[in-house]
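Listing of protein-v3.txt, compact mmCIF, C-alpha atoms
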# COMPACT_ATOMS: atom_id res chain seq x y z
CA MET A 1 -11.01 -12.26 15.67
CA LYS A 2 -10.39 -14.90 13.06
CA SER A 3 -11.99 -13.06 10.16
CA PHE A 4 -9.97 -9.90 10.92
CA SER A 5 -6.68 -11.84 10.96
CA LYS A 6 -7.67 -13.62 7.75
CA LEU A 7 -8.37 -10.32 6.01
CA ILE A 8 -5.00 -8.94 7.15
CA ALA A 9 -3.27 -12.12 5.93
CA SER A 10 -4.94 -11.76 2.51
CA LEU A 11 -3.92 -8.10 2.24
CA LYS A 12 -0.32 -8.90 3.20
CA ARG A 13 -0.05 -11.04 0.07
CA LEU A 14 -0.32 -7.90 -2.07
CA PRO A 15 2.99 -6.45 -3.33
CA GLY A 16 4.48 -3.67 -1.22
CA ILE A 17 1.96 -4.17 1.61
CA GLY A 18 3.69 -4.87 4.95
CA PRO A 19 2.02 -5.97 8.20
CA LYS A 20 1.30 -2.40 9.39
CA GLN A 21 -0.16 -1.27 6.06
CA ALA A 22 -2.25 -4.47 5.85
CA GLU A 23 -3.72 -3.74 9.29
CA ARG A 24 -4.43 -0.14 8.29
CA LEU A 25 -6.13 -1.25 5.07
CA ALA A 26 -8.20 -3.86 6.93
CA VAL A 27 -9.43 -1.27 9.44
CA PHE A 28 -10.26 1.14 6.61
CA LEU A 29 -12.17 -1.53 4.67
CA LEU A 30 -14.11 -2.66 7.75
CA ARG A 31 -15.06 0.88 8.57
CA ALA A 32 -15.93 1.86 4.98
CA PRO A 33 -19.59 1.82 3.94
CA ASP A 34 -20.63 -1.22 1.91
CA PHE A 35 -21.02 0.73 -1.33
CA GLU A 36 -17.34 1.66 -1.11
CA THR A 37 -16.05 -1.91 -0.70
CA ASP A 38 -18.63 -3.23 -3.18
CA GLY A 39 -17.33 -0.65 -5.68
CA LEU A 40 -13.78 -1.88 -5.23
CA VAL A 41 -14.80 -5.52 -5.64
CA ALA A 42 -16.87 -4.66 -8.73
CA ALA A 43 -13.96 -2.74 -10.29
CA LEU A 44 -11.68 -5.71 -9.65
CA ARG A 45 -14.13 -8.24 -11.09
CA GLU A 46 -14.87 -6.04 -14.11
CA ALA A 47 -11.18 -5.50 -14.87
CA LYS A 48 -10.37 -9.21 -14.44
CA ALA A 49 -13.18 -10.07 -16.88
CA ALA A 50 -12.45 -7.39 -19.49
CA ILE A 51 -8.66 -7.26 -19.60
CA ARG A 52 -6.47 -9.76 -21.42
CA PRO A 53 -2.98 -9.74 -22.92
CA CYS A 54 -2.64 -8.21 -26.39
CA ARG A 55 -2.19 -10.98 -28.97
CA GLN A 56 0.97 -9.33 -30.29
CA CYS A 57 2.76 -7.44 -27.48
CA PHE A 58 1.14 -8.99 -24.35
CA ASP A 59 0.45 -5.62 -22.81
CA PHE A 60 -2.92 -5.44 -21.06
CA THR A 61 -5.80 -4.57 -23.35
CA GLU A 62 -9.56 -4.94 -23.61
CA SER A 63 -9.43 -5.93 -27.29
CA ASP A 64 -7.65 -8.61 -29.26
CA LEU A 65 -4.88 -6.20 -30.32
CA CYS A 66 -3.91 -3.30 -28.05
CA ARG A 67 -4.19 0.40 -28.89
CA LEU A 68 -0.49 0.75 -29.81
CA CYS A 69 -0.22 -2.47 -31.83
CA SER A 70 -3.25 -1.45 -33.90
CA ASP A 71 -2.03 2.12 -34.47
CA PRO A 72 -0.87 2.39 -38.13
CA ASP A 73 1.34 5.39 -37.29
CA ARG A 74 3.69 3.43 -35.02
CA ASP A 75 7.06 2.45 -36.52
CA ARG A 76 6.96 -1.33 -37.07
CA GLY A 77 10.75 -1.44 -37.52
CA LEU A 78 11.33 -0.69 -33.82
CA LEU A 79 10.52 -3.07 -30.98
CA CYS A 80 11.02 -2.08 -27.36
CA VAL A 81 11.12 -4.90 -24.78
CA VAL A 82 9.98 -3.99 -21.25
CA SER A 83 9.26 -5.91 -18.05
CA GLU A 84 5.97 -4.36 -17.00
CA THR A 85 2.93 -2.66 -18.44
CA GLN A 86 3.80 0.41 -16.31
CA ASP A 87 7.07 0.71 -18.26
CA VAL A 88 5.08 1.18 -21.49
CA THR A 89 3.19 4.04 -19.84
CA ALA A 90 6.47 5.58 -18.61
CA ILE A 91 8.15 5.39 -22.03
CA GLU A 92 5.04 6.73 -23.78
CA ARG A 93 5.06 9.66 -21.36
CA SER A 94 8.64 10.44 -22.42
CA ARG A 95 7.42 10.94 -26.02
CA GLY A 96 10.84 9.75 -27.17
CA TYR A 97 9.72 6.53 -28.83
CA LYS A 98 7.42 5.79 -31.76
CA GLY A 99 7.84 2.05 -32.25
CA LEU A 100 6.04 -0.99 -30.83
CA TYR A 101 6.48 -2.79 -27.50
CA HIS A 102 6.77 -6.27 -26.10
CA VAL A 103 5.84 -6.77 -22.44
CA LEU A 104 7.62 -9.66 -20.70
CA HIS A 105 5.49 -9.48 -17.51
CA GLY A 106 8.43 -9.79 -15.16
CA ALA A 107 12.19 -10.17 -15.20
CA LEU A 108 14.50 -13.16 -14.81
CA SER A 109 15.21 -13.90 -11.16
CA PRO A 110 16.95 -17.16 -10.28
CA LEU A 111 16.50 -16.31 -6.58
CA GLU A 112 12.72 -16.19 -6.93
CA GLY A 113 12.68 -19.08 -9.38
CA ILE A 114 11.59 -16.93 -12.34
CA GLY A 115 13.07 -18.37 -15.52
CA PRO A 116 12.49 -17.44 -19.19
CA GLU A 117 9.50 -19.81 -19.39
CA ALA A 118 7.65 -17.71 -16.78
CA LEU A 119 7.99 -14.62 -19.00
CA ARG A 120 6.82 -13.86 -22.54
CA VAL A 121 10.26 -14.73 -23.97
CA ARG A 122 9.19 -17.54 -26.30
CA GLU A 123 6.54 -15.19 -27.71
CA LEU A 124 9.15 -12.45 -28.21
CA LEU A 125 11.48 -14.75 -30.13
CA ASP A 126 8.59 -16.03 -32.28
CA ARG A 127 7.47 -12.48 -32.96
CA VAL A 128 10.96 -11.35 -33.94
CA GLY A 129 11.31 -14.41 -36.17
CA ARG A 130 8.02 -13.64 -37.94
CA ALA A 131 8.88 -9.92 -38.39
CA GLY A 132 11.60 -10.64 -40.94
CA ALA A 133 13.25 -7.71 -42.69
CA THR A 134 10.76 -5.07 -41.45
CA LEU A 135 12.40 -5.17 -38.01
CA ARG A 136 15.41 -2.85 -37.79
CA GLU A 137 16.05 -2.71 -34.04
CA VAL A 138 15.11 -4.37 -30.75
CA VAL A 139 15.57 -2.00 -27.79
CA LEU A 140 16.04 -3.81 -24.46
CA ALA A 141 14.42 -1.49 -21.91
CA THR A 142 14.27 -3.72 -18.84
CA ASP A 143 15.00 -2.09 -15.46
CA PRO A 144 18.60 -1.09 -14.64
CA ASP A 145 18.64 -3.42 -11.60
CA ALA A 146 20.15 -6.91 -11.19
CA GLU A 147 17.10 -8.76 -12.58
CA GLY A 148 16.58 -6.31 -15.43
CA GLU A 149 20.25 -6.41 -16.44
CA ALA A 150 20.25 -10.22 -16.34
CA THR A 151 17.12 -10.28 -18.49
CA ALA A 152 18.65 -7.86 -21.02
CA LEU A 153 21.84 -9.92 -21.18
CA TYR A 154 19.88 -13.17 -21.66
CA LEU A 155 17.67 -11.65 -24.37
CA SER A 156 20.60 -10.07 -26.21
CA GLN A 157 22.24 -13.50 -26.43
CA LYS A 158 19.01 -15.10 -27.69
CA LEU A 159 18.26 -12.31 -30.17
CA LYS A 160 21.68 -11.65 -31.70
CA GLY A 161 22.14 -13.37 -35.03
CA GLY A 162 18.39 -14.01 -35.26
CA GLY A 163 18.05 -11.54 -38.12
CA SER A 164 19.38 -8.36 -39.67
CA PHE A 165 18.10 -6.15 -36.80
CA LYS A 166 20.26 -4.40 -34.22
CA VAL A 167 19.89 -5.21 -30.52
CA THR A 168 20.35 -2.17 -28.25
CA ARG A 169 20.11 -1.40 -24.54
CA ILE A 170 18.81 1.88 -23.09
CA ALA A 171 21.66 4.14 -21.93
CA HIS A 172 22.82 4.10 -18.33
CA GLY A 173 23.93 7.45 -16.98
CA VAL A 174 23.19 10.24 -14.57
CA PRO A 175 19.49 11.06 -14.29
CA MET A 176 18.42 14.54 -15.43
CA GLY A 177 18.13 17.08 -12.63
CA GLY A 178 20.27 14.95 -10.35
CA ASP A 179 23.12 16.10 -8.15
CA LEU A 180 26.41 14.34 -9.03
CA ASP A 181 27.26 14.24 -5.35
CA TYR A 182 24.29 12.01 -4.58
CA ILE A 183 24.69 9.58 -7.46
CA ASP A 184 26.07 6.12 -6.67
CA GLU A 185 29.44 5.13 -8.05
CA ARG A 186 28.14 2.42 -10.40
CA THR A 187 25.85 4.88 -12.18
CA LEU A 188 28.66 7.42 -12.31
CA SER A 189 31.12 4.95 -13.78
CA HIS A 190 28.51 3.96 -16.41
CA ALA A 191 27.92 7.64 -17.17
CA LEU A 192 31.65 8.22 -17.64
CA ALA A 193 32.19 5.11 -19.75
CA GLY A 194 29.23 6.05 -21.95
CA ARG A 195 30.28 9.71 -22.37
CA THR A 196 29.45 11.29 -25.74
CA GLU A 197 31.09 14.17 -27.59
CA VAL A 198 29.26 17.48 -27.43
CA MET B 199 -8.52 0.70 -21.03
CA LYS B 200 -11.47 1.94 -19.03
CA SER B 201 -11.73 -1.00 -16.63
CA PHE B 202 -8.00 -0.78 -15.82
CA SER B 203 -8.24 2.95 -15.01
CA LYS B 204 -11.36 2.30 -12.93
CA LEU B 205 -9.59 -0.37 -10.89
CA ILE B 206 -6.64 1.98 -10.30
CA ALA B 207 -9.02 4.76 -9.26
CA SER B 208 -10.72 2.41 -6.77
CA LEU B 209 -7.39 1.31 -5.31
CA LYS B 210 -6.20 4.91 -4.97
CA ARG B 211 -9.07 5.53 -2.52
CA LEU B 212 -7.39 3.20 -0.02
CA PRO B 213 -5.32 4.90 2.70
CA GLY B 214 -1.58 5.18 2.02
CA ILE B 215 -1.95 4.00 -1.59
CA GLY B 216 -0.55 6.55 -4.05
CA PRO B 217 -0.89 6.47 -7.86
CA LYS B 218 2.24 4.32 -8.40
CA GLN B 219 1.29 1.78 -5.75
CA ALA B 220 -2.30 1.64 -7.06
CA GLU B 221 -0.98 0.84 -10.55
CA ARG B 222 1.33 -1.81 -9.13
CA LEU B 223 -1.52 -3.40 -7.16
CA ALA B 224 -3.81 -3.34 -10.21
CA VAL B 225 -1.20 -5.11 -12.36
CA PHE B 226 -0.64 -7.69 -9.60
CA LEU B 227 -4.37 -8.33 -9.21
CA LEU B 228 -4.92 -8.64 -12.97
CA ARG B 229 -2.07 -11.08 -13.27
CA ALA B 230 -3.00 -13.12 -10.18
CA PRO B 231 -4.92 -16.36 -10.66
CA ASP B 232 -8.65 -16.11 -9.93
CA PHE B 233 -8.46 -18.18 -6.74
CA GLU B 234 -6.09 -15.57 -5.31
CA THR B 235 -8.35 -12.57 -5.98
CA ASP B 236 -11.46 -14.58 -5.04
CA GLY B 237 -9.76 -15.42 -1.74
CA LEU B 238 -9.14 -11.74 -1.05
CA VAL B 239 -12.73 -10.80 -1.91
CA ALA B 240 -14.06 -13.66 0.26
CA ALA B 241 -11.88 -12.60 3.21
CA LEU B 242 -13.15 -9.03 2.84
CA ARG B 243 -16.83 -10.08 2.61
CA GLU B 244 -16.46 -12.48 5.54
CA ALA B 245 -14.81 -9.88 7.74
CA LYS B 246 -17.38 -7.22 6.81
CA ALA B 247 -20.19 -9.64 7.71
CA ALA B 248 -18.69 -10.99 10.94
CA ILE B 249 -17.07 -7.94 12.52
CA ARG B 250 -18.95 -5.21 14.38
CA PRO B 251 -18.11 -2.66 17.05
CA CYS B 252 -18.08 -3.92 20.65
CA ARG B 253 -21.21 -2.69 22.45
CA GLN B 254 -19.10 -1.19 25.24
CA CYS B 255 -15.68 -0.07 23.89
CA PHE B 256 -16.39 0.08 20.11
CA ASP B 257 -13.27 -1.90 19.27
CA PHE B 258 -13.83 -4.42 16.45
CA THR B 259 -15.17 -7.77 17.59
CA GLU B 260 -17.10 -10.76 16.30
CA SER B 261 -19.30 -10.92 19.40
CA ASP B 262 -21.57 -8.50 21.20
CA LEU B 263 -18.91 -7.67 23.79
CA CYS B 264 -15.21 -7.87 22.83
CA ARG B 265 -12.63 -10.18 24.38
CA LEU B 266 -11.20 -7.50 26.69
CA CYS B 267 -14.54 -6.06 27.81
CA SER B 268 -15.76 -9.53 28.74
CA ASP B 269 -12.55 -10.49 30.58
CA PRO B 270 -13.31 -10.45 34.35
CA ASP B 271 -9.59 -10.00 35.15
CA ARG B 272 -9.35 -6.54 33.57
CA ASP B 273 -9.37 -3.57 35.96
CA ARG B 274 -12.76 -1.83 35.50
CA GLY B 275 -11.49 1.26 37.31
CA LEU B 276 -9.16 2.18 34.45
CA LEU B 277 -10.34 3.36 31.04
CA CYS B 278 -7.87 4.05 28.22
CA VAL B 279 -9.13 6.15 25.29
CA VAL B 280 -7.46 5.50 21.92
CA SER B 281 -8.07 6.59 18.34
CA GLU B 282 -7.71 3.29 16.51
CA THR B 283 -8.11 -0.42 17.02
CA GLN B 284 -4.39 -0.82 16.20
CA ASP B 285 -3.59 1.32 19.25
CA VAL B 286 -5.29 -1.27 21.48
CA THR B 287 -3.05 -3.96 19.99
CA ALA B 288 0.03 -1.77 20.52
CA ILE B 289 -0.79 -1.01 24.17
CA GLU B 290 -1.64 -4.67 24.86
CA ARG B 291 1.74 -5.63 23.40
CA SER B 292 3.44 -3.30 25.91
CA ARG B 293 1.89 -5.37 28.78
CA GLY B 294 1.87 -2.17 30.82
CA TYR B 295 -1.90 -1.79 31.10
CA LYS B 296 -4.59 -3.96 32.65
CA GLY B 297 -7.72 -1.77 32.35
CA LEU B 298 -10.37 -1.40 29.67
CA TYR B 299 -10.37 0.62 26.44
CA HIS B 300 -12.55 2.97 24.47
CA VAL B 301 -11.89 3.24 20.73
CA LEU B 302 -12.87 6.58 19.18
CA HIS B 303 -12.31 5.42 15.58
CA GLY B 304 -10.46 8.54 14.51
CA ALA B 305 -9.25 11.85 15.90
CA LEU B 306 -10.60 15.39 15.73
CA SER B 307 -9.49 17.15 12.57
CA PRO B 308 -11.12 20.48 11.70
CA LEU B 309 -9.14 20.49 8.42
CA GLU B 310 -10.71 17.22 7.30
CA GLY B 311 -14.08 18.13 8.78
CA ILE B 312 -13.93 15.46 11.50
CA GLY B 313 -15.76 16.74 14.57
CA PRO B 314 -16.68 14.97 17.84
CA GLU B 315 -19.93 13.68 16.32
CA ALA B 316 -17.93 11.63 13.78
CA LEU B 317 -16.12 9.84 16.63
CA ARG B 318 -17.38 7.69 19.52
CA VAL B 319 -17.24 10.69 21.89
CA ARG B 320 -20.92 10.72 22.89
CA GLU B 321 -20.63 7.01 23.70
CA LEU B 322 -17.50 7.66 25.81
CA LEU B 323 -19.21 10.36 27.86
CA ASP B 324 -22.28 8.15 28.35
CA ARG B 325 -20.09 5.24 29.39
CA VAL B 326 -18.12 7.35 31.86
CA GLY B 327 -21.39 8.72 33.24
CA ARG B 328 -22.78 5.22 33.75
CA ALA B 329 -19.57 3.91 35.36
CA GLY B 330 -20.05 5.99 38.52
CA ALA B 331 -17.66 5.46 41.41
CA THR B 332 -16.02 2.31 39.99
CA LEU B 333 -14.07 4.46 37.52
CA ARG B 334 -10.84 5.80 39.03
CA GLU B 335 -8.99 7.09 35.97
CA VAL B 336 -9.44 7.89 32.28
CA VAL B 337 -6.13 7.69 30.36
CA LEU B 338 -6.11 9.72 27.16
CA ALA B 339 -3.85 7.75 24.81
CA THR B 340 -4.54 9.45 21.48
CA ASP B 341 -1.55 9.95 19.15
CA PRO B 342 1.07 12.59 20.03
CA ASP B 343 0.37 14.50 16.77
CA ALA B 344 -1.72 17.63 16.16
CA GLU B 345 -5.05 15.77 15.78
CA GLY B 346 -4.36 13.44 18.71
CA GLU B 347 -3.34 16.31 20.99
CA ALA B 348 -6.44 18.31 20.02
CA THR B 349 -8.62 15.26 20.70
CA ALA B 350 -7.01 14.73 24.12
CA LEU B 351 -7.49 18.41 25.00
CA TYR B 352 -11.13 18.36 23.91
CA LEU B 353 -11.86 15.16 25.83
CA SER B 354 -10.09 16.36 28.98
CA GLN B 355 -12.33 19.45 29.00
CA LYS B 356 -15.46 17.33 28.49
CA LEU B 357 -14.47 14.73 31.08
CA LYS B 358 -13.12 16.87 33.92
CA GLY B 359 -15.66 17.37 36.64
CA GLY B 360 -17.79 14.57 35.27
CA GLY B 361 -17.03 12.40 38.27
CA SER B 362 -14.49 11.53 40.95
CA PHE B 363 -12.08 9.96 38.41
CA LYS B 364 -8.73 11.41 37.35
CA VAL B 365 -8.09 12.34 33.71
CA THR B 366 -4.51 11.63 32.59
CA ARG B 367 -2.49 11.87 29.38
CA ILE B 368 0.26 9.41 28.36
CA ALA B 369 3.75 10.85 28.97
CA HIS B 370 5.63 12.63 26.20
CA GLY B 371 9.36 12.06 26.22
CA VAL B 372 12.32 10.53 24.47
CA PRO B 373 11.56 7.09 23.00
CA MET B 374 13.51 4.16 24.44
CA GLY B 375 16.60 3.20 22.46
CA GLY B 376 16.64 6.57 20.72
CA ASP B 377 19.64 8.79 20.12
CA LEU B 378 19.21 12.23 21.74
CA ASP B 379 20.93 13.79 18.78
CA TYR B 380 18.19 12.66 16.42
CA ILE B 381 15.22 13.63 18.55
CA ASP B 382 13.27 16.73 17.54
CA GLU B 383 13.30 19.73 19.84
CA ARG B 384 9.61 19.58 20.79
CA THR B 385 9.95 16.02 22.08
CA LEU B 386 13.16 16.99 23.87
CA SER B 387 11.57 19.99 25.55
CA HIS B 388 8.63 17.78 26.67
CA ALA B 389 11.10 15.22 28.00
CA LEU B 390 12.93 17.90 29.99
CA ALA B 391 9.76 19.50 31.33
CA GLY B 392 8.48 16.09 32.40
CA ARG B 393 11.72 14.96 34.04
CA THR B 394 11.36 12.72 37.10
CA GLU B 395 13.67 12.17 40.07
CA VAL B 396 15.71 8.98 40.00

Represent the structure contained in this file as structure tokens.
Amino acid sequence: MKSFSKLIASLKRLPGIGPKQAERLAVFLLRAPDFETDGLVAALREAKAAIRPCRQCFDFTESDLCRLCSDPDRDRGLLCVVSETQDVTAIERSRGYKGLYHVLHGALSPLEGIGPEALRVRELLDRVGRAGATLREVVLATDPDAEGEATALYLSQKLKGGGSFKVTRIAHGVPMGGDLDYIDERTLSHALAGRTEV
Amino acid sequence: MKSFSKLIASLKRLPGIGPKQAERLAVFLLRAPDFETDGLVAALREAKAAIRPCRQCFDFTESDLCRLCSDPDRDRGLLCVVSETQDVTAIERSRGYKGLYHVLHGALSPLEGIGPEALRVRELLDRVGRAGATLREVVLATDPDAEGEATALYLSQKLKGGGSFKVTRIAHGVPMGGDLDYIDERTLSHALAGRTEV
């Protein structure tokens, strides 16, 4: 069945979807009533048409400037740099941050051929340059994995000396509620090195 | 962003897609070039239009009768009953079976409100009734989980006495290449009870 194999091949291109899951999704979609699949296609088309990057932070938005960038109560002296739009949601959920964001839409990965030009790095540097003295701190909140660390290192080099603002990195340490026994040695050594007085 | 939440909600309806994965898929789809998402939508539409259930076995096909049902070399005396189209592929891969199939498209699940009328059970009984003396054996190859076992039990009761054919169930036992130590006790007790002389 050519059209079945083609559907599976298309689904396999989605992130995190392996061959088994693609087959399962294809069977589900074929068996689903038309209104169900039409609903999915309509939602996709609608979102693709309505959503664009925020002019300032490049997070997804339906307006010119996103909800956070246009909120007068956010601290304009703080800028948090993240890889993905989901990271904004995660940090907002933590309620520990009241500044603005900048979404890179990815992380540096020489292995996958993702360089700074594929991310919103140029736009970050321009934005920081324009901010002038209002900007007090840039928080690098990329993921604590190889790509995220490389991105943070690269950005810190590009940003340092670009103004009077501080450049910081989110703390590495033991996650809350964790069991020391189950935490890998790299995290543990970071947690020890970064110990604070109580 | 309403259209973003709507897309995530639509994606969450897919099987095996949790909230995190739905968000990840939505971000991927929004960021993908239009030709990529159009290709996926086209593959879905094409498959939905071309694929239908085989008139005889109810497996997916693009013709009236599927490839296996129309193959004169398959043994018409053997009928293997499975839950899903993927199970046909899996059994074919094993090269251990040369008969025909019947795809139920699901398994009985009182908890989810799936009764025999939601599956191709009526069609199976009709088919077995029509087959007459050519049919020697019906192999119940539903999954070895609670729903699959219940389906096999239900079908065996419906099928027995319906003709001169045998009704069999695939063997339960230790999987090949497994480590006895890691095999759950129910499987192990089935493997012992079903032991064969060497």

>> As an exercise, work out the distance from CA of His300 (chain B) to CA of Val280 (chain B) in Å and give it to one decimal place.
In response: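 So the two atoms, CA of His300 (chain B) and CA of Val280 (chain B), lie 6.2 Å apart.
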
> For chain B against chain A, which residues fall within 7 Å using all atoms listed in the file, given as number ranges by chain?
Replying inline: B: 199, 201-202, 204-205, 208, 212-213, 223, 228, 238-239, 241-242, 244-246, 259-260

>> Rounded to one decimal, what separation in Å do you get between CA of Val139 (chain A) and CA of Lys160 (chain A)?
In response: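 Interatomic distance, CA of Val139 (chain A) to CA of Lys160 (chain A): 12.1 Å.
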
>> When all Cα positions are paired in order and chain B is fitted onto chain A, what RMSD is left, to one decimal?
In response: 0.1 Å

> Restricting the calculation to all atoms listed in the file, which member of B:Arg253, B:Arg393, B:His388, B:Lys210 is positioned closest to Arg318 (chain B)?
Replying inline: B:Arg253

>> Here is a test: counting all atoms listed in the file, which residue of A:Gly77, A:Gly99, A:Gly115, A:Gly177 is nearest to Gly132 (chain A)?
In response: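 Distance minimum relative to Gly132 (chain A) lands on A:Gly77.
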
> Could you pull the residues within 7 Å of Arg274 (chain B), counting all atoms listed in the file, minus those fewer than 2 positions along the same chain, as a list of chain:residue names?
Replying inline: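 Near neighbours after the sequence-gap exclusion: B:Arg272, B:Leu276, B:Gly297, B:Leu298, B:Thr332, B:Leu333.
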
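The smallest atom-to-atom distance between Asp87 (chain A) and any of A:Thr142, A:Ser164, A:Ser70, A:Gln56, using all atoms listed in the file, is found for A:Thr142.
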
> Leu323 (chain B): which residues within 12 Å, counting all atoms listed in the file, same-chain residues fewer than 5 positions away excluded, as an MDAnalysis selection string?
Replying inline: chainID B and resid 254:255 277 279 300 302 314 317:318 328:330 336 353:361

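When all atoms listed in the file are used to measure the gap to Val319 (chain B), the shortest distance among B:Asp273, B:Phe256, B:Val286, B:Ile381 belongs to B:Phe256.
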
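Proximity ranking of B:Ile368, B:Met374, B:Ala220, B:Ala316 relative to Gly392 (chain B) places B:Ile368 first, based on only C-alpha atoms.
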
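Counting from CA of Arg320 (chain B), the distance to CA of Val301 (chain B) is 11.9 Å.
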
>> List the spatial neighbours of Pro342 (chain B) as a list of chain:residue names - criterion: any atom at most 10 Å away, all atoms listed in the file, same-chain residues fewer than 2 positions off excluded.
In response: B:Ala339, B:Thr340, B:Ala344, B:Glu345, B:Gly346, B:Glu347, B:Ala348, B:Ala350, B:Ile368, B:Ala369, B:His370, B:Thr385

Counting all atoms listed in the file, what is within 6 Å of Glu137 (chain A), bar same-chain residues fewer than 6 positions away, as an mmCIF file with C-alpha atoms, keeping the file's coordinate frame?
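Output below, filename result-v4.cif:
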data_model
loop_
_atom_site.group_PDB
_atom_site.id
_atom_site.type_symbol
_atom_site.label_atom_id
_atom_site.label_comp_id
_atom_site.auth_asym_id
_atom_site.auth_seq_id
_atom_site.Cartn_x
_atom_site.Cartn_y
_atom_site.Cartn_z
ATOM 1 C CA LEU A 78 11.330 -0.690 -33.820
ATOM 2 C CA PHE A 165 18.100 -6.150 -36.800
ATOM 3 C CA LYS A 166 20.260 -4.400 -34.220
ATOM 4 C CA VAL A 167 19.890 -5.210 -30.520
#

Listed atoms of region 112-115 of chain A boxed along x, y and z, 4 Å each side, centre and edge lengths in Å, one decimal, as AutoDock Vina command-line options:
--center_x 12.3 --center_y -17.6 --center_z -11.2 --size_x 9.5 --size_y 10.9 --size_z 16.6
